[in-house]
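Here is the file entry_8.cif (mmCIF, C-alpha atoms).
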data_upload
loop_
_atom_site.group_PDB
_atom_site.id
_atom_site.type_symbol
_atom_site.label_atom_id
_atom_site.label_comp_id
_atom_site.auth_asym_id
_atom_site.auth_seq_id
_atom_site.Cartn_x
_atom_site.Cartn_y
_atom_site.Cartn_z
ATOM 1 C CA MET A 1 -85.184 -32.229 -174.302
ATOM 2 C CA SER A 2 -86.022 -33.645 -177.731
ATOM 3 C CA ASP A 3 -89.672 -32.605 -177.572
ATOM 4 C CA ALA A 4 -88.860 -28.949 -176.763
ATOM 5 C CA GLN A 5 -90.939 -26.537 -178.809
ATOM 6 C CA PHE A 6 -88.827 -23.430 -178.159
ATOM 7 C CA VAL A 7 -86.216 -21.876 -175.869
ATOM 8 C CA LEU A 8 -87.226 -19.605 -172.997
ATOM 9 C CA ALA A 9 -84.587 -16.879 -172.623
ATOM 10 C CA SER A 10 -85.461 -16.164 -169.000
ATOM 11 C CA ALA A 11 -84.646 -17.349 -165.503
ATOM 12 C CA SER A 12 -88.111 -16.340 -164.283
ATOM 13 C CA PRO A 13 -89.771 -19.274 -162.517
ATOM 14 C CA ARG A 14 -93.137 -17.556 -163.008
ATOM 15 C CA ARG A 15 -92.780 -17.480 -166.806
ATOM 16 C CA ALA A 16 -91.709 -21.114 -166.834
ATOM 17 C CA ASP A 17 -94.661 -22.073 -164.607
ATOM 18 C CA LEU A 18 -97.124 -20.231 -166.865
ATOM 19 C CA LEU A 19 -95.766 -21.966 -169.957
ATOM 20 C CA ARG A 20 -95.841 -25.395 -168.299
ATOM 21 C CA SER A 21 -99.402 -24.784 -167.063
ATOM 22 C CA VAL A 22 -100.637 -24.659 -170.677
ATOM 23 C CA GLY A 23 -98.666 -27.697 -171.814
ATOM 24 C CA PHE A 24 -95.538 -26.263 -173.425
ATOM 25 C CA LYS A 25 -92.228 -28.119 -173.368
ATOM 26 C CA PHE A 26 -89.205 -25.871 -173.682
ATOM 27 C CA LEU A 27 -85.560 -25.391 -172.868
ATOM 28 C CA ILE A 28 -84.489 -22.663 -170.457
ATOM 29 C CA GLU A 29 -81.453 -20.547 -171.305
ATOM 30 C CA PRO A 30 -81.381 -17.399 -169.170
ATOM 31 C CA VAL A 31 -79.609 -14.424 -170.696
ATOM 32 C CA ASP A 32 -77.531 -11.810 -168.952
ATOM 33 C CA ILE A 33 -78.068 -8.419 -170.571
ATOM 34 C CA ASP A 34 -77.844 -4.834 -169.379
ATOM 35 C CA GLU A 35 -81.360 -3.935 -168.253
ATOM 36 C CA SER A 36 -80.723 -0.223 -167.729
ATOM 37 C CA ILE A 37 -83.247 2.239 -169.090
ATOM 38 C CA ASN A 38 -81.672 4.506 -171.685
ATOM 39 C CA PRO A 39 -81.870 8.257 -171.017
ATOM 40 C CA GLY A 40 -85.182 9.582 -172.334
ATOM 41 C CA GLU A 41 -86.427 6.109 -173.278
ATOM 42 C CA GLU A 42 -90.193 5.696 -173.058
ATOM 43 C CA PRO A 43 -91.317 2.820 -170.778
ATOM 44 C CA ARG A 44 -93.069 0.872 -173.557
ATOM 45 C CA ASP A 45 -90.031 1.259 -175.823
ATOM 46 C CA TYR A 46 -87.847 0.010 -172.962
ATOM 47 C CA VAL A 47 -89.917 -3.141 -172.345
ATOM 48 C CA ARG A 48 -89.980 -3.883 -176.103
ATOM 49 C CA ARG A 49 -86.208 -3.461 -176.302
ATOM 50 C CA MET A 50 -85.656 -5.778 -173.329
ATOM 51 C CA ALA A 51 -87.876 -8.537 -174.758
ATOM 52 C CA ARG A 52 -86.229 -8.179 -178.182
ATOM 53 C CA SER A 53 -82.713 -8.251 -176.702
ATOM 54 C CA LYS A 54 -83.458 -11.395 -174.724
ATOM 55 C CA ALA A 55 -84.994 -13.188 -177.713
ATOM 56 C CA ALA A 56 -82.161 -12.184 -180.050
ATOM 57 C CA HIS A 57 -79.373 -13.047 -177.596
ATOM 58 C CA ILE A 58 -79.448 -16.816 -178.171
ATOM 59 C CA CYS A 59 -78.748 -18.748 -181.371
ATOM 60 C CA SER A 60 -80.825 -21.899 -181.837
ATOM 61 C CA ASP A 61 -82.695 -23.918 -184.423
ATOM 62 C CA LEU A 62 -85.716 -23.496 -182.144
ATOM 63 C CA ALA A 63 -87.719 -20.308 -181.698
ATOM 64 C CA ILE A 64 -86.474 -18.143 -178.817
ATOM 65 C CA LEU A 65 -88.948 -16.517 -176.428
ATOM 66 C CA GLY A 66 -87.874 -13.386 -174.555
ATOM 67 C CA ALA A 67 -90.088 -11.299 -172.294
ATOM 68 C CA ASP A 68 -89.962 -8.360 -169.923
ATOM 69 C CA THR A 69 -92.439 -6.836 -167.489
ATOM 70 C CA ILE A 70 -92.578 -3.406 -165.891
ATOM 71 C CA VAL A 71 -94.940 -1.685 -163.500
ATOM 72 C CA LEU A 72 -95.820 1.849 -164.531
ATOM 73 C CA VAL A 73 -97.379 4.474 -162.273
ATOM 74 C CA ASP A 74 -97.569 8.188 -163.064
ATOM 75 C CA GLY A 75 -95.167 7.607 -165.955
ATOM 76 C CA GLU A 76 -92.532 6.154 -163.617
ATOM 77 C CA VAL A 77 -91.192 2.631 -163.994
ATOM 78 C CA LEU A 78 -91.166 0.623 -160.776
ATOM 79 C CA GLY A 79 -88.648 -2.148 -161.320
ATOM 80 C CA LYS A 80 -87.563 -4.846 -158.910
ATOM 81 C CA PRO A 81 -86.963 -3.242 -155.522
ATOM 82 C CA LEU A 82 -83.331 -3.023 -154.482
ATOM 83 C CA ASP A 83 -84.063 -3.267 -150.760
ATOM 84 C CA ARG A 84 -86.748 -3.215 -148.060
ATOM 85 C CA ASP A 85 -87.144 0.568 -148.049
ATOM 86 C CA GLN A 86 -87.655 0.722 -151.801
ATOM 87 C CA ALA A 87 -90.146 -2.168 -151.740
ATOM 88 C CA ILE A 88 -92.191 -0.462 -149.034
ATOM 89 C CA SER A 89 -92.056 2.807 -150.973
ATOM 90 C CA PHE A 90 -93.301 1.034 -154.118
ATOM 91 C CA LEU A 91 -96.184 -0.598 -152.263
ATOM 92 C CA ASN A 92 -97.185 2.680 -150.606
ATOM 93 C CA THR A 93 -97.143 4.342 -154.037
ATOM 94 C CA LEU A 94 -99.464 1.633 -155.414
ATOM 95 C CA SER A 95 -101.790 1.662 -152.407
ATOM 96 C CA GLY A 96 -105.381 2.633 -153.175
ATOM 97 C CA ARG A 97 -104.836 3.356 -156.827
ATOM 98 C CA GLU A 98 -104.560 1.993 -160.319
ATOM 99 C CA HIS A 99 -101.302 1.280 -162.131
ATOM 100 C CA GLU A 100 -100.307 -0.371 -165.386
ATOM 101 C CA VAL A 101 -98.332 -3.532 -165.893
ATOM 102 C CA VAL A 102 -96.686 -3.592 -169.310
ATOM 103 C CA THR A 103 -95.327 -6.893 -170.598
ATOM 104 C CA ALA A 104 -93.570 -7.428 -173.894
ATOM 105 C CA VAL A 105 -93.022 -10.859 -175.401
ATOM 106 C CA ALA A 106 -90.706 -11.406 -178.360
ATOM 107 C CA ILE A 107 -90.137 -14.484 -180.503
ATOM 108 C CA SER A 108 -87.001 -14.793 -182.609
ATOM 109 C CA LEU A 109 -86.056 -17.409 -185.172
ATOM 110 C CA ARG A 110 -83.409 -17.232 -187.915
ATOM 111 C CA GLY A 111 -83.200 -13.435 -187.878
ATOM 112 C CA ARG A 112 -86.944 -12.783 -187.774
ATOM 113 C CA ILE A 113 -88.317 -11.170 -184.602
ATOM 114 C CA GLU A 114 -91.947 -10.470 -183.736
ATOM 115 C CA ILE A 115 -93.044 -8.624 -180.598
ATOM 116 C CA ALA A 116 -96.338 -8.112 -178.776
ATOM 117 C CA VAL A 117 -96.809 -5.599 -175.968
ATOM 118 C CA VAL A 118 -99.683 -6.012 -173.531
ATOM 119 C CA THR A 119 -100.836 -3.392 -171.025
ATOM 120 C CA THR A 120 -102.984 -4.458 -168.086
ATOM 121 C CA LYS A 121 -104.543 -2.150 -165.530
ATOM 122 C CA VAL A 122 -104.290 -3.269 -161.895
ATOM 123 C CA HIS A 123 -106.098 -1.596 -159.008
ATOM 124 C CA PHE A 124 -104.694 -1.941 -155.484
ATOM 125 C CA ARG A 125 -106.853 -1.596 -152.404
ATOM 126 C CA ASP A 126 -105.703 0.754 -149.651
ATOM 127 C CA LEU A 127 -102.910 -0.900 -147.692
ATOM 128 C CA LYS A 128 -102.904 -0.708 -143.910
ATOM 129 C CA SER A 129 -99.804 0.918 -142.419
ATOM 130 C CA HIS A 130 -98.147 -2.363 -141.372
ATOM 131 C CA GLU A 131 -98.936 -4.412 -144.485
ATOM 132 C CA ALA A 132 -96.071 -3.300 -146.726
ATOM 133 C CA SER A 133 -93.419 -4.215 -144.153
ATOM 134 C CA ARG A 134 -95.153 -7.494 -143.295
ATOM 135 C CA TYR A 135 -95.335 -8.317 -146.984
ATOM 136 C CA TRP A 136 -91.616 -7.617 -147.356
ATOM 137 C CA ASP A 137 -90.997 -10.143 -144.584
ATOM 138 C CA THR A 138 -92.563 -12.875 -146.773
ATOM 139 C CA GLY A 139 -89.613 -12.538 -149.165
ATOM 140 C CA GLU A 140 -91.940 -12.282 -152.132
ATOM 141 C CA PRO A 141 -91.361 -8.670 -153.279
ATOM 142 C CA LEU A 142 -87.611 -8.851 -153.880
ATOM 143 C CA ASP A 143 -87.547 -10.218 -157.439
ATOM 144 C CA LYS A 144 -90.786 -8.780 -158.776
ATOM 145 C CA ALA A 145 -91.460 -5.671 -160.830
ATOM 146 C CA GLY A 146 -93.266 -3.141 -158.662
ATOM 147 C CA GLY A 147 -92.409 -5.172 -155.572
ATOM 148 C CA TYR A 148 -95.426 -7.495 -155.598
ATOM 149 C CA GLY A 149 -96.599 -10.797 -157.021
ATOM 150 C CA LEU A 150 -100.221 -11.119 -158.137
ATOM 151 C CA GLN A 151 -99.978 -14.924 -158.092
ATOM 152 C CA GLY A 152 -98.759 -15.020 -154.483
ATOM 153 C CA VAL A 153 -99.414 -13.251 -151.209
ATOM 154 C CA GLY A 154 -99.399 -9.919 -153.074
ATOM 155 C CA GLY A 155 -102.682 -10.947 -154.655
ATOM 156 C CA VAL A 156 -104.456 -9.918 -151.435
ATOM 157 C CA PHE A 157 -103.752 -6.273 -152.358
ATOM 158 C CA VAL A 158 -105.319 -6.451 -155.828
ATOM 159 C CA GLU A 159 -108.970 -5.461 -156.108
ATOM 160 C CA LYS A 160 -109.276 -5.558 -159.867
ATOM 161 C CA VAL A 161 -107.351 -6.603 -162.966
ATOM 162 C CA ILE A 162 -108.457 -5.202 -166.315
ATOM 163 C CA GLY A 163 -106.704 -7.089 -169.086
ATOM 164 C CA SER A 164 -104.378 -10.063 -169.118
ATOM 165 C CA TYR A 165 -103.934 -11.724 -165.729
ATOM 166 C CA SER A 166 -101.025 -13.817 -167.014
ATOM 167 C CA ALA A 167 -99.247 -10.715 -168.363
ATOM 168 C CA VAL A 168 -99.176 -9.289 -164.828
ATOM 169 C CA ILE A 169 -97.455 -12.480 -163.683
ATOM 170 C CA GLY A 170 -94.925 -12.085 -166.491
ATOM 171 C CA LEU A 171 -96.179 -13.530 -169.771
ATOM 172 C CA PRO A 172 -99.350 -12.831 -171.791
ATOM 173 C CA LEU A 173 -100.395 -16.348 -172.773
ATOM 174 C CA VAL A 174 -102.805 -15.408 -175.581
ATOM 175 C CA GLU A 175 -100.217 -13.261 -177.352
ATOM 176 C CA THR A 176 -97.450 -15.794 -176.689
ATOM 177 C CA GLU A 177 -99.485 -18.574 -178.288
ATOM 178 C CA ARG A 178 -100.301 -16.349 -181.255
ATOM 179 C CA LEU A 179 -96.636 -15.382 -181.792
ATOM 180 C CA LEU A 180 -95.371 -18.954 -181.476
ATOM 181 C CA SER A 181 -97.990 -20.104 -183.999
ATOM 182 C CA SER A 182 -96.868 -17.386 -186.420
ATOM 183 C CA PHE A 183 -93.421 -19.032 -186.339
ATOM 184 C CA ASP A 184 -95.017 -22.413 -187.152
ATOM 185 C CA VAL A 185 -94.464 -23.784 -183.654
ATOM 186 C CA ASP A 186 -96.997 -26.582 -183.127
ATOM 187 C CA THR A 187 -98.375 -25.230 -179.874
ATOM 188 C CA TRP A 188 -100.670 -28.251 -179.398
ATOM 189 C CA ARG A 189 -97.983 -30.913 -179.863
ATOM 190 C CA ASN A 190 -97.400 -31.673 -176.181
ATOM 191 C CA ARG A 191 -100.927 -31.022 -174.937
ATOM 192 C CA THR A 192 -102.441 -34.396 -175.777
#

Starting from the file, give its structure as structure tokens.
Amino acid sequence: MSDAQFVLASASPRRADLLRSVGFKFLIEPVDIDESINPGEEPRDYVRRMARSKAAHICSDLAILGADTIVLVDGEVLGKPLDRDQAISFLNTLSGREHEVVTAVAISLRGRIEIAVVTTKVHFRDLKSHEASRYWDTGEPLDKAGGYGLQGVGGVFVEKVIGSYSAVIGLPLVETERLLSSFDVDTWRNRT
């Protein structure tokens, strides 16, 4: 794609959709890295390291965008659920309370890397006893941090979002635009 402004180092369809929704043109080159949390690693350090690793993993003449999102409740990281039981457990943990969604975005170009970390507070309503299992049946929770998608059916559980809505979906657009601009990416080039 000759008019590509950068490379997205992610297979996330949600990140790609967010970027397209604001007029970006980009290449997609998913990366395969070890996403294990290191022993004793703080959640915010982990999400920064993941975004940095993704952005630094690809060599290109274009800027590389890497990102990572975690759900944090009571200091515990809720990743993508491994199975139905874990997804239901995650949703029951989130029910009726507030949690944090932490998203890091990193831009890399020619050895320079800049990172922004955004924390958004999300408040879930109380879930009825059958809702978590019915939600699992939609197929939506499987590939999402915390086992829910704000932009999909999971949005019916969310009473309030304090902070960046797009960061909860997987990419803070304000910070992404700011970082890309700091690398001299013409963010308005394909918007007219």

Taking 4 positions as the minimum chain separation for residues in the same chain, which residues sit within 8 Å of range 27-31 of chain A when counting only C-alpha atoms? Answer as a compact mmCIF listing (two decimals) with C-alpha atoms, keeping the file's coordinate frame.
# COMPACT_ATOMS: atom_id res chain seq x y z
CA MET A 1 -85.18 -32.23 -174.30
CA ALA A 4 -88.86 -28.95 -176.76
CA PHE A 6 -88.83 -23.43 -178.16
CA VAL A 7 -86.22 -21.88 -175.87
CA LEU A 8 -87.23 -19.60 -173.00
CA ALA A 9 -84.59 -16.88 -172.62
CA SER A 10 -85.46 -16.16 -169.00
CA ALA A 11 -84.65 -17.35 -165.50
CA LYS A 54 -83.46 -11.40 -174.72
CA HIS A 57 -79.37 -13.05 -177.60
CA ILE A 58 -79.45 -16.82 -178.17

Problem - Which residue of A:Asn92, A:Thr103, A:Asn38, A:Gln86 approaches Glu175 in chain A most closely, using only C-alpha atoms - result: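 The answer is A:Thr103, which sits nearest to Glu175 in chain A.
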
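Shown here are all protein and nucleic acid residues lying within 9 Å of (-105.4, -6.4, -157.9), with all atoms listed in the file considered: Glu98, Lys121, Val122, His123, Phe124, Arg125, Leu150, Gly154, Gly155, Val156, Phe157, Val158, Glu159, Lys160 and Val161 of chain A.
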
Handout entry: Who sits within 8 Å of Thr187 in chain A, only C-alpha atoms, same chain under 5 positions skipped, as a ChimeraX atom specification
Key = /A:5,24,177,180-181

Practice task
Taking the point (-86.3, -9.7, -148.5) as given in the file, collect each protein or nucleic acid residue that comes within 12 Å of it, counting all atoms listed in the file, and present the set as a PyMOL selection string.
Solution key: chain A and resi 80-88+132-144+147-148

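The nearest approach to Ala55 in chain A among the residues A:Val153, A:Ile70, A:Ile113, A:Ile169, with only C-alpha atoms taken into account, belongs to A:Ile113.
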
Exercise for the section: Grab the CA of Arg112 in chain A to CA of Asp186 in chain A distance for me, in Å with one decimal place. Expected result: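 CA of Asp186 in chain A lies 17.7 Å from CA of Arg112 in chain A.
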
Practice task
Run the PyMOL selection byres ((chain A and resi 111) around 12) mentally over the shown coordinates, then write out the matched residues as JSON, numbers by chain, using the chain letters and numbers from the document.
Solution key: {"A": [52, 55, 56, 57, 58, 59, 60, 61, 62, 63, 64, 107, 108, 109, 110, 112, 113, 114, 183]}
